[in-house]
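What follows is one structure encoded as structure tokens, with my remarks underneath.
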Amino acid sequence: MKEGPDIAQIGALIGDPARANMLTALMDGRALTATELAAAGGITVQTASTHLSKLEAGGLLTQRKQGRHRYFTLADDSVGKLLESIMGFAATRGHLRHRPGPKEPALRKARICYDHLAGDYGVRMLDSLIAAGAISAVDESLRLTERGETHLTSIGIDVTGLRSTRRPLCRSCLDWSERRAHLAGSLGKALLSSFFDKGWARRIDDSRSILFTSEGERRFLALFPLATRQTDKARDHANAGM
């Protein structure tokens, strides 16, 4: 078929291992320099510049200049959504990269997925909101209920303001480590931002992992009490060692 969108071009841009690693590095929402992205891609800065030019020309990245430096970010939310979908699809087909080390448990527990919470805690949050009737889930479609709007407004989320944006309020995002959905969309972003603003959690340097403080974790678990299967496994393992 010679008409219609050229998915081969997008596939080729994302399919290169170095470019895929650089795009993944930008999934935490930060703006990175060519030097930082070269390190993420495991290539030289000169080679990275060539790759970055191709990604920018393909509409996947954008750059901005600040002083003498150039910073690169994902072009927009649709690119993040595309990468999330591909990562989730790859995980369900068993295409996973295994990098053992101390960061892996933290990454699986709580991490940033473009601009929202993912991992065990991300799945737990969505499961709890659905169980409480705050979000209605039909297949992969999510909708904030009247009860949910009242509840989230009471904890400081400006739902009315979020509705005024063009971005979807609630969106289901397949979590690659949990193989289940977590909450994306403007509401997912707002909730994660609130955790940072309240001092409940912070990003770990040079990682997509999110570290909750002891008080922040206590408050998060109280606010979203429905445990995921991963949480149950961790608890059972701890009990078995007692």
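The chains in the structure tokens are called A, B, ... from first to last as shown; in each chain the residues are counted from 1, and the ligands are counted from 1 in the order shown.
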Self-check item: Within 12 Å of A:Ala18 using only C-alpha atoms, minus same-chain residues under 2 positions, as a ChimeraX atom specification
Solution: /A:12-16,20-25,37-45,47-52,55
Quiz item: Leaving out A:Thr153 and any residue of its chain fewer than 5 positions from it, which residues lie within 12 Å of it when counting only C-alpha atoms, given as a list in words?
Solution: Ala134, Leu144, Glu146, Arg147, Gly148, Asp158, Val159, Thr160, Gly161, Leu162, Leu187, Ala190, Leu191 and Ser194 of chain A
Self-check item: For atom CA of A:Ala227 and atom CA of A:Phe89, the interatomic separation in Å (one decimal)
Solution: 24.1 Å
Exercise. Write out as a PyMOL selection string which residues come within 9 Å of A:Trp176 when counting only C-alpha atoms, dropping same-chain ones fewer than 6 positions away.
Key: chain A and resi 84+87-92+96+118-119
Using C-alpha atoms, can you export the residues from the last selection as a JSON list (two decimals), in the first residue's frame?
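Okay, out.json is ready:
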[["chain", "number", "residue", "atom", "x", "y", "z"],
["A", 84, "GLU", "CA", 4.12, 4.05, 26.40],
["A", 87, "MET", "CA", 6.67, -0.38, 25.81],
["A", 88, "GLY", "CA", 3.49, -1.98, 27.10],
["A", 89, "PHE", "CA", 3.06, -4.04, 23.93],
["A", 90, "ALA", "CA", 6.70, -5.20, 24.07],
["A", 91, "ALA", "CA", 6.27, -6.27, 27.69],
["A", 92, "THR", "CA", 3.16, -8.33, 26.94],
["A", 96, "LEU", "CA", 12.14, -7.17, 28.01],
["A", 118, "ALA", "CA", 3.81, 4.03, 37.03],
["A", 119, "GLY", "CA", 4.95, 0.75, 38.56]]
Quiz item: Hey, what does DSSP flag as helix (DSSP H, G or I) within stretch 89-186 of chain A? Can you give it to me as a PyMOL selection string?
Solution: chain A and resi 89-92+103-109+120-131+146-154+159-163+185-186
Exercise. List the neighbours of A:Ala181 out to 10 Å using only C-alpha atoms; skip same-chain residues closer than 6 positions along the sequence, and give me the result as a PyMOL selection string.
Key: chain A and resi 88+118-119+122-124+126-127+140+171-175
Residues just named, written with N, CA and C atoms as a PDB file, in the first residue's frame:
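Saved as part.pdb:
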ATOM      1  N   GLY A  88       4.458  -1.039  26.553  1.00  0.00           N
ATOM      2  CA  GLY A  88       3.489  -1.982  27.101  1.00  0.00           C
ATOM      3  C   GLY A  88       3.297  -3.184  26.206  1.00  0.00           C
ATOM      4  N   ALA A 118       3.893   5.390  37.561  1.00  0.00           N
ATOM      5  CA  ALA A 118       3.809   4.029  37.032  1.00  0.00           C
ATOM      6  C   ALA A 118       4.434   3.064  38.029  1.00  0.00           C
ATOM      7  N   GLY A 119       4.443   1.792  37.670  1.00  0.00           N
ATOM      8  CA  GLY A 119       4.953   0.755  38.562  1.00  0.00           C
ATOM      9  C   GLY A 119       3.873   0.247  39.497  1.00  0.00           C
ATOM     10  N   GLY A 122       1.679   2.961  40.827  1.00  0.00           N
ATOM     11  CA  GLY A 122       0.793   3.525  39.819  1.00  0.00           C
ATOM     12  C   GLY A 122      -0.429   2.661  39.600  1.00  0.00           C
ATOM     13  N   VAL A 123      -0.223   1.350  39.528  1.00  0.00           N
ATOM     14  CA  VAL A 123      -1.335   0.407  39.364  1.00  0.00           C
ATOM     15  C   VAL A 123      -2.221   0.425  40.602  1.00  0.00           C
ATOM     16  N   ARG A 124      -1.594   0.467  41.771  1.00  0.00           N
ATOM     17  CA  ARG A 124      -2.350   0.509  43.023  1.00  0.00           C
ATOM     18  C   ARG A 124      -3.257   1.744  43.074  1.00  0.00           C
ATOM     19  N   LEU A 126      -4.589   3.500  40.576  1.00  0.00           N
ATOM     20  CA  LEU A 126      -5.748   3.361  39.696  1.00  0.00           C
ATOM     21  C   LEU A 126      -6.729   2.326  40.235  1.00  0.00           C
ATOM     22  N   ASP A 127      -6.232   1.187  40.695  1.00  0.00           N
ATOM     23  CA  ASP A 127      -7.113   0.154  41.258  1.00  0.00           C
ATOM     24  C   ASP A 127      -7.937   0.714  42.410  1.00  0.00           C
ATOM     25  N   GLU A 140     -10.868  -0.479  28.316  1.00  0.00           N
ATOM     26  CA  GLU A 140      -9.706   0.380  28.540  1.00  0.00           C
ATOM     27  C   GLU A 140     -10.100   1.848  28.682  1.00  0.00           C
ATOM     28  N   ARG A 171      -6.743   8.576  31.235  1.00  0.00           N
ATOM     29  CA  ARG A 171      -6.362   7.663  30.159  1.00  0.00           C
ATOM     30  C   ARG A 171      -5.683   6.446  30.759  1.00  0.00           C
ATOM     31  N   SER A 172      -6.005   5.278  30.233  1.00  0.00           N
ATOM     32  CA  SER A 172      -5.393   4.036  30.690  1.00  0.00           C
ATOM     33  C   SER A 172      -4.062   3.829  29.982  1.00  0.00           C
ATOM     34  N   CYS A 173      -3.028   3.499  30.736  1.00  0.00           N
ATOM     35  CA  CYS A 173      -1.698   3.261  30.178  1.00  0.00           C
ATOM     36  C   CYS A 173      -1.211   1.904  30.690  1.00  0.00           C
ATOM     37  N   LEU A 174      -0.873   1.000  29.778  1.00  0.00           N
ATOM     38  CA  LEU A 174      -0.435  -0.338  30.168  1.00  0.00           C
ATOM     39  C   LEU A 174       0.943  -0.274  30.807  1.00  0.00           C
ATOM     40  N   ASP A 175       1.049  -0.751  32.027  1.00  0.00           N
ATOM     41  CA  ASP A 175       2.301  -0.727  32.774  1.00  0.00           C
ATOM     42  C   ASP A 175       3.170  -1.910  32.375  1.00  0.00           C
TER      43      ASP A 175
END
